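Peer 1: Compact mmCIF, C-alpha atoms and all ligand atoms, file coords_9.txt:
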# COMPACT_ATOMS: atom_id res chain seq x y z
CA MET A 1000 103.49 95.24 76.56
CA GLU A 1001 103.80 97.99 79.14
CA ALA A 1002 102.70 101.39 77.87
CA LEU A 1003 103.92 103.15 81.00
CA SER A 1004 106.31 102.09 83.72
CA VAL A 1005 106.81 104.31 86.75
CA HIS A 1006 109.48 103.32 89.28
CA GLN A 1007 110.21 104.91 92.67
CA VAL A 1008 109.22 108.46 91.71
CA ASN A 1009 109.60 111.16 94.36
CA LYS A 1010 108.78 114.87 94.34
CA VAL A 1011 109.17 117.40 97.14
CA TYR A 1012 108.03 121.04 96.76
CA ASN A 1013 109.94 123.82 98.54
CA LYS A 1014 111.98 121.23 100.50
CA THR A 1015 108.95 120.66 102.74
CA VAL A 1016 105.89 119.25 100.91
CA GLN A 1017 106.41 115.62 99.92
CA ALA A 1018 103.92 115.55 97.04
CA LEU A 1019 104.96 112.08 95.78
CA GLN A 1020 106.68 109.29 97.67
CA ASP A 1021 108.13 106.19 96.00
CA ILE A 1022 105.42 106.01 93.36
CA THR A 1023 105.69 102.72 91.45
CA PHE A 1024 103.21 101.21 88.98
CA ASP A 1025 102.88 99.87 85.42
CA ILE A 1026 100.11 100.36 82.89
CA GLN A 1027 99.57 97.84 80.10
CA GLU A 1028 98.89 98.89 76.51
CA GLY A 1029 95.18 99.51 75.95
CA GLU A 1030 94.38 99.69 79.66
CA LEU A 1031 92.00 102.23 81.21
CA PHE A 1032 93.81 102.98 84.45
CA GLY A 1033 92.41 105.25 87.17
CA LEU A 1034 94.28 107.29 89.75
CA VAL A 1035 91.84 107.80 92.59
CA GLY A 1036 92.38 110.03 95.58
CA PRO A 1037 91.21 113.13 97.44
CA ASP A 1038 92.39 116.72 96.86
CA GLY A 1039 96.06 117.15 97.64
CA ALA A 1040 96.84 113.43 97.13
CA GLY A 1041 99.47 114.20 94.47
CA LYS A 1042 97.53 113.36 91.32
CA SER A 1043 98.26 116.59 89.40
CA THR A 1044 101.92 116.49 90.39
CA LEU A 1045 102.18 112.99 88.95
CA PHE A 1046 100.36 114.05 85.76
CA ASN A 1047 102.67 117.04 85.33
CA ILE A 1048 105.68 114.73 85.64
CA LEU A 1049 104.27 112.09 83.27
CA THR A 1050 103.48 114.72 80.64
CA THR A 1051 107.06 116.15 80.83
CA LEU A 1052 106.01 119.46 82.38
CA LEU A 1053 107.70 118.88 85.74
CA LEU A 1054 110.90 117.02 86.65
CA PRO A 1055 110.76 114.41 89.42
CA ASP A 1056 113.43 114.59 92.14
CA SER A 1057 114.22 110.92 91.60
CA GLY A 1058 112.87 107.78 89.94
CA ASN A 1059 112.61 106.21 86.49
CA ILE A 1060 109.75 106.55 84.05
CA ARG A 1061 109.41 104.82 80.69
CA ILE A 1062 106.61 105.62 78.27
CA LEU A 1063 106.19 103.32 75.25
CA GLY A 1064 109.79 102.22 75.68
CA LEU A 1065 111.09 105.82 75.76
CA ASP A 1066 112.86 107.39 78.71
CA LEU A 1067 110.68 110.22 79.95
CA ILE A 1068 113.53 112.62 80.72
CA ASN A 1069 116.08 111.89 77.98
CA ASP A 1070 113.52 111.36 75.20
CA TYR A 1071 111.05 114.00 76.32
CA LYS A 1072 110.59 115.49 72.83
CA GLN A 1073 109.54 112.14 71.36
CA VAL A 1074 107.38 111.44 74.41
CA ARG A 1075 105.46 114.67 73.75
CA GLN A 1076 104.58 113.45 70.24
CA GLU A 1077 103.15 110.20 71.59
CA ILE A 1078 100.98 111.50 74.42
CA GLY A 1079 97.79 113.52 74.74
CA TYR A 1080 97.03 115.56 77.85
CA LEU A 1081 93.83 116.99 79.21
CA PRO A 1082 94.90 119.07 82.23
CA GLY A 1083 92.75 119.69 85.28
CA THR A 1084 92.29 123.37 84.51
CA PHE A 1085 90.52 124.58 81.35
CA SER A 1086 93.33 124.72 78.80
CA LEU A 1087 91.66 125.91 75.60
CA TYR A 1088 91.44 129.41 74.17
CA PRO A 1089 88.15 130.88 75.44
CA ASP A 1090 88.04 133.62 72.78
CA LEU A 1091 88.52 131.21 69.87
CA SER A 1092 85.53 129.32 68.52
CA VAL A 1093 85.14 125.56 69.01
CA LYS A 1094 86.39 124.88 65.46
CA GLU A 1095 89.24 127.39 65.74
CA ASN A 1096 90.47 125.64 68.89
CA LEU A 1097 90.50 122.28 67.11
CA ASP A 1098 92.28 123.81 64.08
CA PHE A 1099 94.85 125.40 66.38
CA PHE A 1100 95.72 122.15 68.15
CA ALA A 1101 95.86 120.26 64.83
CA VAL A 1102 98.34 122.82 63.43
CA MET A 1103 100.42 122.79 66.63
CA TYR A 1104 100.82 119.01 66.38
CA LYS A 1105 101.26 119.14 62.57
CA SER A 1106 98.23 116.87 62.40
CA ASP A 1107 95.47 116.62 59.82
CA ILE A 1108 91.88 116.87 61.10
CA GLU A 1109 90.37 114.89 58.17
CA GLN A 1110 92.89 112.07 58.56
CA ASN A 1111 92.19 111.74 62.27
CA MET A 1112 88.46 112.44 62.19
CA ASP A 1113 87.70 108.72 62.73
CA ILE A 1114 89.18 108.91 66.21
CA ILE A 1115 87.26 111.99 67.38
CA ARG A 1116 84.05 111.59 65.31
CA PRO A 1117 81.76 110.28 68.12
CA ILE A 1118 82.76 113.23 70.35
CA TRP A 1119 82.99 115.82 67.57
CA LYS A 1120 79.45 115.01 66.41
CA GLN A 1121 78.17 116.15 69.81
CA ILE A 1122 79.94 119.52 69.71
CA GLU A 1123 79.84 120.24 65.98
CA PRO A 1124 76.46 122.06 66.20
CA PHE A 1125 78.27 124.64 68.38
CA SER A 1126 81.40 124.86 66.21
CA LYS A 1127 81.07 128.65 65.81
CA ARG A 1128 80.51 129.29 69.51
CA LYS A 1129 83.41 130.66 71.56
CA ALA A 1130 84.95 127.91 73.69
CA GLY A 1131 84.62 130.06 76.81
CA LYS A 1132 80.83 130.12 76.35
CA LEU A 1133 80.37 126.33 76.35
CA SER A 1134 78.93 124.37 79.30
CA GLY A 1135 81.39 122.46 81.53
CA GLY A 1136 80.66 119.12 79.86
CA MET A 1137 80.96 120.56 76.34
CA LYS A 1138 84.26 122.25 77.21
CA GLN A 1139 85.68 118.92 78.31
CA LYS A 1140 84.47 117.20 75.13
CA LEU A 1141 86.19 119.86 73.05
CA ALA A 1142 89.36 119.57 75.15
CA LEU A 1143 89.26 115.82 74.56
CA CYS A 1144 89.01 116.32 70.77
CA CYS A 1145 92.00 118.70 70.93
CA ALA A 1146 94.00 116.20 73.03
CA LEU A 1147 93.25 113.37 70.56
CA ILE A 1148 93.70 115.14 67.22
CA HIS A 1149 97.34 114.01 66.83
CA ARG A 1150 96.36 110.38 67.50
CA PRO A 1151 98.33 109.90 70.75
CA LYS A 1152 99.16 106.40 71.97
CA ILE A 1153 98.59 107.36 75.61
CA LEU A 1154 96.04 109.83 76.87
CA PHE A 1155 96.42 111.52 80.27
CA LEU A 1156 93.29 113.06 81.77
CA ASP A 1157 93.59 114.97 85.04
CA GLU A 1158 90.20 115.09 86.80
CA PRO A 1159 88.30 115.56 83.51
CA THR A 1160 84.88 115.42 85.17
CA THR A 1161 85.44 117.64 88.21
CA GLY A 1162 82.69 120.28 88.20
CA VAL A 1163 80.88 118.59 85.31
CA ASP A 1164 77.16 117.75 85.68
CA PRO A 1165 76.23 114.08 86.35
CA VAL A 1166 74.74 113.43 82.87
CA SER A 1167 77.82 114.81 81.10
CA ARG A 1168 80.05 112.86 83.49
CA LYS A 1169 78.36 109.63 82.42
CA GLU A 1170 78.65 110.55 78.73
CA PHE A 1171 82.30 111.45 79.20
CA TRP A 1172 83.06 108.03 80.69
CA GLU A 1173 81.25 106.30 77.82
CA ILE A 1174 83.56 108.21 75.47
CA LEU A 1175 86.61 107.04 77.44
CA GLN A 1176 85.48 103.43 77.03
CA THR A 1177 85.25 104.00 73.25
CA ILE A 1178 88.70 105.60 73.12
CA ARG A 1179 90.15 102.58 74.87
CA THR A 1180 88.68 100.24 72.24
CA GLN A 1181 90.61 102.25 69.62
CA GLY A 1182 93.83 100.97 71.19
CA ILE A 1183 94.70 104.14 73.12
CA THR A 1184 95.98 103.63 76.66
CA VAL A 1185 94.22 105.91 79.13
CA LEU A 1186 95.38 107.19 82.52
CA VAL A 1187 92.64 109.21 84.19
CA SER A 1188 92.46 110.73 87.67
CA THR A 1189 89.29 111.34 89.60
CA PRO A 1190 88.18 112.28 93.09
CA TYR A 1191 84.80 110.57 92.37
CA MET A 1192 84.86 107.06 93.77
CA ASP A 1193 81.90 105.90 91.63
CA GLU A 1194 83.95 106.59 88.50
CA ALA A 1195 86.72 104.33 89.77
CA THR A 1196 84.57 101.25 89.12
CA LEU A 1197 84.61 102.07 85.39
CA CYS A 1198 88.40 101.55 85.12
CA ASP A 1199 90.21 98.27 84.36
CA ARG A 1200 92.52 98.88 87.33
CA ILE A 1201 92.88 101.66 89.83
CA ALA A 1202 95.59 103.02 92.09
CA LEU A 1203 94.36 104.52 95.35
CA ILE A 1204 96.58 107.46 96.28
CA GLN A 1205 96.74 109.58 99.42
CA ASN A 1206 99.36 112.00 100.79
CA GLY A 1207 101.63 111.22 97.86
CA LYS A 1208 101.62 107.46 98.42
CA ILE A 1209 99.94 104.67 96.48
CA LEU A 1210 98.03 102.61 99.02
CA GLU A 1211 96.67 99.92 96.69
CA ILE A 1212 96.65 98.95 93.01
CA ASN A 1213 94.11 96.44 91.77
CA THR A 1214 90.94 95.89 89.75
CA PRO A 1215 87.87 97.58 91.32
CA ALA A 1216 86.27 94.13 91.78
CA ASP A 1217 89.29 92.76 93.67
CA ILE A 1218 89.54 95.87 95.82
CA MET A 1219 85.90 95.38 96.82
CA LYS A 1220 86.45 91.65 97.49
CA GLN A 1221 89.30 92.44 99.88
CA PHE A 1222 87.15 94.52 102.24
CA ARG A 1223 87.92 93.05 105.66
CA GLY A 1224 85.09 94.39 107.83
CA CYS A 1225 81.37 93.57 108.12
CA LEU A 1226 79.73 96.71 106.77
CA TYR A 1227 76.36 98.07 107.92
CA THR A 1228 74.35 101.18 107.15
CA PHE A 1229 71.66 103.00 109.11
CA ARG A 1230 69.97 106.37 109.38
CA SER A 1231 69.86 108.67 112.33
CA GLU A 1232 67.78 111.78 112.98
CA ASP A 1233 70.83 113.45 114.46
CA ILE A 1234 73.95 112.24 112.71
CA PHE A 1235 76.28 114.59 114.65
CA SER A 1236 75.09 113.35 118.01
CA LEU A 1237 75.42 109.77 116.74
CA LEU A 1238 79.00 110.22 115.49
CA ASN A 1239 79.89 111.83 118.80
CA ALA A 1240 78.40 108.95 120.78
CA LEU A 1241 80.18 106.36 118.60
CA LYS A 1242 83.55 107.68 119.83
CA GLU A 1243 82.90 105.62 122.95
CA CYS A 1244 81.71 102.47 121.18
CA PRO A 1245 83.40 99.49 122.89
CA LEU A 1246 83.51 97.42 119.66
CA LYS A 1247 86.32 97.28 117.13
CA CYS A 1248 84.76 99.34 114.36
CA ASN A 1249 85.21 102.14 111.85
CA TYR A 1250 82.33 104.59 111.30
CA TYR A 1251 81.77 107.61 109.09
CA PRO A 1252 78.90 109.66 107.65
CA TYR A 1253 77.82 108.58 104.17
CA GLY A 1254 75.35 111.12 102.81
CA GLU A 1255 72.36 111.00 105.17
CA TYR A 1256 73.47 107.61 106.48
CA CYS A 1257 76.09 106.31 108.86
CA HIS A 1258 78.33 103.51 107.59
CA ILE A 1259 79.96 101.32 110.18
CA ALA A 1260 82.40 98.47 109.52
CA PHE A 1261 82.83 96.01 112.38
CA TYR A 1262 85.89 93.84 112.90
CA GLU A 1263 84.15 91.47 115.29
CA ASP A 1264 82.08 88.28 115.40
CA MET A 1265 78.78 89.87 114.41
CA GLU A 1266 76.53 87.41 116.23
CA LYS A 1267 77.83 88.76 119.52
CA ALA A 1268 78.69 92.26 118.37
CA MET A 1269 75.31 93.36 116.97
CA PRO A 1270 73.32 92.93 120.26
CA THR A 1271 76.13 94.78 122.09
CA PHE A 1272 75.99 97.57 119.51
CA ILE A 1273 72.22 97.97 119.73
CA GLN A 1274 72.40 98.01 123.52
CA PHE A 1275 75.15 100.65 123.31
CA LEU A 1276 72.97 102.87 121.06
CA ASP A 1277 69.94 102.42 123.34
CA GLU A 1278 71.94 103.29 126.46
CA ARG A 1279 73.14 106.48 124.76
CA LYS A 1280 69.56 107.26 123.71
CA GLN A 1281 70.55 107.28 120.04
CA GLU A 1282 67.51 107.05 117.77
CA HIS A 1283 68.26 104.99 114.68
CA GLY A 1284 66.65 103.31 111.71
CA GLU A 1285 67.12 99.67 110.73
CA ILE A 1286 70.78 98.59 110.78
CA LYS A 1287 71.29 96.78 107.47
CA PRO A 1288 74.30 94.83 106.17
CA ILE A 1289 75.55 96.16 102.81
CA GLN A 1290 78.19 95.46 100.18
CA PRO A 1291 81.08 97.94 100.36
CA SER A 1292 81.52 100.52 97.61
CA ILE A 1293 84.95 101.63 96.39
CA GLU A 1294 84.60 104.60 98.76
CA ASP A 1295 84.12 102.27 101.74
CA CYS A 1296 87.18 100.29 100.60
CA PHE A 1297 89.23 103.46 100.25
CA ILE A 1298 88.29 104.55 103.78
CA GLU A 1299 89.19 101.12 105.16
CA ILE A 1300 92.54 101.03 103.32
CA VAL A 1301 93.43 104.53 104.56
CA LYS A 1302 92.56 103.52 108.12
CA MET A 1303 94.54 100.26 107.92
CA ASN A 1304 97.58 102.11 106.55
CA ARG A 1305 97.45 104.57 109.43
CA HIS A 1306 97.66 101.72 111.93
CA GLU A 1307 100.27 99.58 110.12
P1 LIG A 1401 95.92 116.62 93.72
O1 LIG A 1401 96.07 116.84 92.24
O2 LIG A 1401 95.71 115.17 94.08
O3 LIG A 1401 94.90 117.52 94.34
P2 LIG A 1401 98.51 117.97 93.93
O4 LIG A 1401 99.51 117.21 93.13
O5 LIG A 1401 97.93 119.21 93.32
O6 LIG A 1401 97.35 116.98 94.41
O7 LIG A 1401 99.17 118.39 95.31
C1 LIG A 1401 99.93 117.49 96.13
C2 LIG A 1401 100.54 118.28 97.29
O8 LIG A 1401 101.54 119.15 96.78
C3 LIG A 1401 99.55 119.15 98.04
O9 LIG A 1401 99.93 119.18 99.40
C4 LIG A 1401 99.74 120.53 97.40
O10 LIG A 1401 99.41 121.56 98.29
C5 LIG A 1401 101.24 120.50 97.09
N1 LIG A 1401 101.60 121.31 95.88
C6 LIG A 1401 101.11 121.14 94.63
N2 LIG A 1401 101.69 122.01 93.77
C7 LIG A 1401 102.58 122.74 94.51
C8 LIG A 1401 103.50 123.80 94.20
N3 LIG A 1401 103.63 124.26 92.96
N4 LIG A 1401 104.24 124.29 95.21
C9 LIG A 1401 104.14 123.82 96.48
N5 LIG A 1401 103.29 122.82 96.84
C10 LIG A 1401 102.52 122.29 95.87
Represent the structure of the file as structure tokens.
Peer 2:
Amino acid sequence: MEALSVHQVNKVYNKTVQALQDITFDIQEGELFGLVGPDGAGKSTLFNILTTLLLPDSGNIRILGLDLINDYKQVRQEIGYLPGTFSLYPDLSVKENLDFFAVMYKSDIEQNMDIIRPIWKQIEPFSKRKAGKLSGGMKQKLALCCALIHRPKILFLDEPTTGVDPVSRKEFWEILQTIRTQGITVLVSTPYMDEATLCDRIALIQNGKILEINTPADIMKQFRGCLYTFRSEDIFSLLNALKECPLKCNYYPYGEYCHIAFYEDMEKAMPTFIQFLDERKQEHGEIKPIQPSIEDCFIEIVKMNRHE
């Protein structure tokens, strides 16, 4: 059954900024669904709408069979929300925050301890510490406990790992996998492309539009180009020179490397490319074929959409 069904949702701010445009997607019960896109893509706007904090201009949304707008009070009982900004009380202790959220939701901590136990065990040693004094990762674990304490059927997490260290990010995603096995549907947004591969399905969003919805594996299979990577001593000079590359290609810096996707017959294209680099006196390391990452796929999809 569908846990969430979003149909043709639009939102414009101040009559000028189209934050969401015809957003349509479904999430199945028990799915871990990722909303992946850069800053300003519209992720928080969508989360604020789905959690009944903001009205859409148009569109239909059903959550667990309820109408989001007409049944908003019931919807609030069924969902948990971890907003992008720190939402706990910094001057209350860890335990006081949990108690507060339990009381607010008329929920019993003991009765629901089974659902938060794996996370709570990690923060319990700091239960007397003020929430504002926790590390970024610990804050998010506490926020997750508070969002789960009323046993929601759907959990919304808006960029829960932004600004969190890499070890805590990994731990946080392991926790999300556990939550999913407890039958809770999860919608999580992230600007980190590597995290996208941990979801069952992802929606790629940019400028308020969903560009693609699929499993991470199928998104990677659909990459159309032949992707190569290589190093250069002077990446700026290289990127500048590539503006005049005569081949049909898409290039971008990728850390210390340059990634280039060709849309050509590579047997002919590679010698032409090497000759082009030599003529422009561009020093380069070995040009190796690689499998695309989700980030490469996202870049390709954005580019294709611009030209379609
Ligand atoms: P994301 O969460 O993906 O970073 P947002 O939903 O915050 O994206 O923003 C989408 C677009 O809407 C951006 O262009 C942003 O500047 C704009 N925006 C967000 N909130 C407001 C607001 N309250 N008033 C006006 N514009 C807004």
Peer 1: If we count only C-alpha atoms and set the cut-off at 12 Å, which residues sit around A:Thr1180, ignoring sequence neighbours fewer than 6 positions away in its own chain? Please answer as a PyMOL selection string.
Peer 2: chain A and resi 1028-1031+1114+1173-1174
Peer 1: Within 8 Å of ligand LIG 1401 (chain A), counting all atoms listed in the file, which protein or nucleic acid residues do you find, written as number ranges by chain?
Peer 2: A: 1011-1013, 1016-1019, 1036-1045, 1157, 1205-1207
Peer 1: Env of A:Ile1078: 6 Å cut, atoms = all atoms listed in the file, seq-sep filter 4 positions within chain, self excluded. Answer as a ChimeraX atom specification.
Peer 2: /A:1151-1154
Peer 1: Residues of the last selection are to be written out with C-alpha atoms, as a tab-separated table (two decimals), keeping the file's coordinate frame.
Peer 2:
chain	number	residue	atom	x	y	z
A	1151	PRO	CA	98.33	109.90	70.75
A	1152	LYS	CA	99.16	106.40	71.97
A	1153	ILE	CA	98.59	107.36	75.61
A	1154	LEU	CA	96.04	109.83	76.87
Peer 1: Excluding stretch 1218-1223 of chain A and any residue of its chain fewer than 6 positions from it, enumerate the residues within 7 Å of it, using all atoms listed in the file, and give them as a PyMOL selection string.
Peer 2: chain A and resi 1291-1293+1296
Peer 1: From (96.0, 110.4, 82.2), in the file's coordinates, out to 10 Å: which residues are reached, counting all atoms listed in the file? Answer as a PyMOL selection string.
Peer 2: chain A and resi 1031-1034+1042-1043+1045-1047+1049-1050+1078-1082+1153-1159+1184-1188
Peer 1: Can you pull out every residue within 12 Å of stretch 1090-1100 of chain A, counting all atoms listed in the file, but drop anything in the same chain fewer than 4 positions away, and send it as a PyMOL selection string?
Peer 2: chain A and resi 1079-1080+1086+1104-1109+1111-1112+1115+1119+1121-1133+1137-1150
Peer 1: So how far away is atom CA of A:Gly1064 from atom CA of A:Gln1027, in Å?
Peer 2: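 These two atoms are separated by 12.0 Å.
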Peer 1: What gap, in Å, lies between atom CA of A:Val1301 and atom CA of A:Ile1048?
Peer 2: 24.7 Å
Peer 1: How many Å lie between atom CA of A:Phe1297 and atom CA of A:Leu1203, rounded to one decimal?
Peer 2: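 For atom CA of A:Phe1297 relative to atom CA of A:Leu1203, the distance reads 7.2 Å.
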Peer 1: Mind checking which residues fall within 9 Å of stretch 1066-1073 of chain A, counting all atoms listed in the file, ignoring those fewer than 2 positions away in the same chain, and posting them as a list in words?
Peer 2: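 The neighbour list is Ile1048, Leu1049, Thr1050, Thr1051, Leu1054, Asn1059, Ile1060, Arg1061, Ile1062, Leu1063, Gly1064, Arg1075, Gln1076 and Glu1077 of chain A.
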Peer 1: If you keep C-alpha atoms, can you produce a file of those selected residues as a JSON list (two decimals), in the frame of the given file?
Peer 2:
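part.json, written as the output of this step:
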[["chain", "number", "residue", "atom", "x", "y", "z"],
["A", 1048, "ILE", "CA", 105.68, 114.73, 85.64],
["A", 1049, "LEU", "CA", 104.27, 112.09, 83.27],
["A", 1050, "THR", "CA", 103.48, 114.72, 80.64],
["A", 1051, "THR", "CA", 107.06, 116.15, 80.83],
["A", 1054, "LEU", "CA", 110.90, 117.02, 86.65],
["A", 1059, "ASN", "CA", 112.61, 106.21, 86.49],
["A", 1060, "ILE", "CA", 109.75, 106.55, 84.05],
["A", 1061, "ARG", "CA", 109.41, 104.82, 80.69],
["A", 1062, "ILE", "CA", 106.61, 105.62, 78.27],
["A", 1063, "LEU", "CA", 106.19, 103.32, 75.25],
["A", 1064, "GLY", "CA", 109.79, 102.22, 75.68],
["A", 1075, "ARG", "CA", 105.46, 114.67, 73.75],
["A", 1076, "GLN", "CA", 104.58, 113.45, 70.24],
["A", 1077, "GLU", "CA", 103.15, 110.20, 71.59]]
Peer 1: Could you work out an axis-aligned box for stretch 1072-1083 of chain A, taking every atom the file lists and adding 3 Å on each side, and report centre and edge lengths in Å to one decimal, as lines of an AutoDock Vina configuration file?
Peer 2:
center_x = 101.7
center_y = 114.9
center_z = 77.8
size_x = 23.8
size_y = 15.5
size_z = 21.0
Peer 1: Take stretch 1050-1062 of chain A, model N, CA, C and O atoms, and hand the result over as a short mmCIF file (atom, residue, chain, number, x, y, z; two decimals), in the frame of the given file.
Peer 2:
data_model
loop_
_atom_site.label_atom_id
_atom_site.label_comp_id
_atom_site.auth_asym_id
_atom_site.auth_seq_id
_atom_site.Cartn_x
_atom_site.Cartn_y
_atom_site.Cartn_z
N THR A 1050 103.67 114.02 81.92
CA THR A 1050 103.48 114.72 80.64
C THR A 1050 104.67 115.65 80.35
O THR A 1050 104.55 116.56 79.53
N THR A 1051 105.78 115.45 81.04
CA THR A 1051 107.06 116.15 80.83
C THR A 1051 107.02 117.64 81.18
O THR A 1051 107.85 118.41 80.71
N LEU A 1052 106.09 118.05 82.02
CA LEU A 1052 106.01 119.46 82.38
C LEU A 1052 106.76 119.77 83.68
O LEU A 1052 107.01 120.93 84.00
N LEU A 1053 107.05 118.71 84.44
CA LEU A 1053 107.70 118.88 85.74
C LEU A 1053 108.71 117.75 85.90
O LEU A 1053 108.42 116.60 85.53
N LEU A 1054 109.88 118.07 86.44
CA LEU A 1054 110.90 117.02 86.65
C LEU A 1054 110.69 116.37 88.02
O LEU A 1054 110.49 117.07 89.01
N PRO A 1055 110.79 115.04 88.09
CA PRO A 1055 110.76 114.41 89.42
C PRO A 1055 112.10 114.63 90.11
O PRO A 1055 113.10 114.91 89.45
N ASP A 1056 112.14 114.49 91.44
CA ASP A 1056 113.43 114.59 92.14
C ASP A 1056 114.24 113.32 91.92
O ASP A 1056 115.46 113.36 91.85
N SER A 1057 113.54 112.19 91.85
CA SER A 1057 114.22 110.92 91.60
C SER A 1057 113.22 109.93 91.03
O SER A 1057 112.01 110.17 91.06
N GLY A 1058 113.75 108.82 90.49
CA GLY A 1058 112.87 107.78 89.94
C GLY A 1058 113.07 107.61 88.45
O GLY A 1058 113.70 108.45 87.81
N ASN A 1059 112.54 106.50 87.93
CA ASN A 1059 112.61 106.21 86.49
C ASN A 1059 111.22 106.11 85.92
O ASN A 1059 110.34 105.52 86.55
N ILE A 1060 111.05 106.67 84.72
CA ILE A 1060 109.75 106.55 84.05
C ILE A 1060 110.00 106.21 82.59
O ILE A 1060 110.79 106.88 81.91
N ARG A 1061 109.33 105.15 82.11
CA ARG A 1061 109.41 104.82 80.69
C ARG A 1061 108.01 104.85 80.11
O ARG A 1061 107.07 104.32 80.70
N ILE A 1062 107.89 105.53 78.97
CA ILE A 1062 106.61 105.62 78.27
C ILE A 1062 106.82 105.03 76.89
O ILE A 1062 107.69 105.52 76.15
#
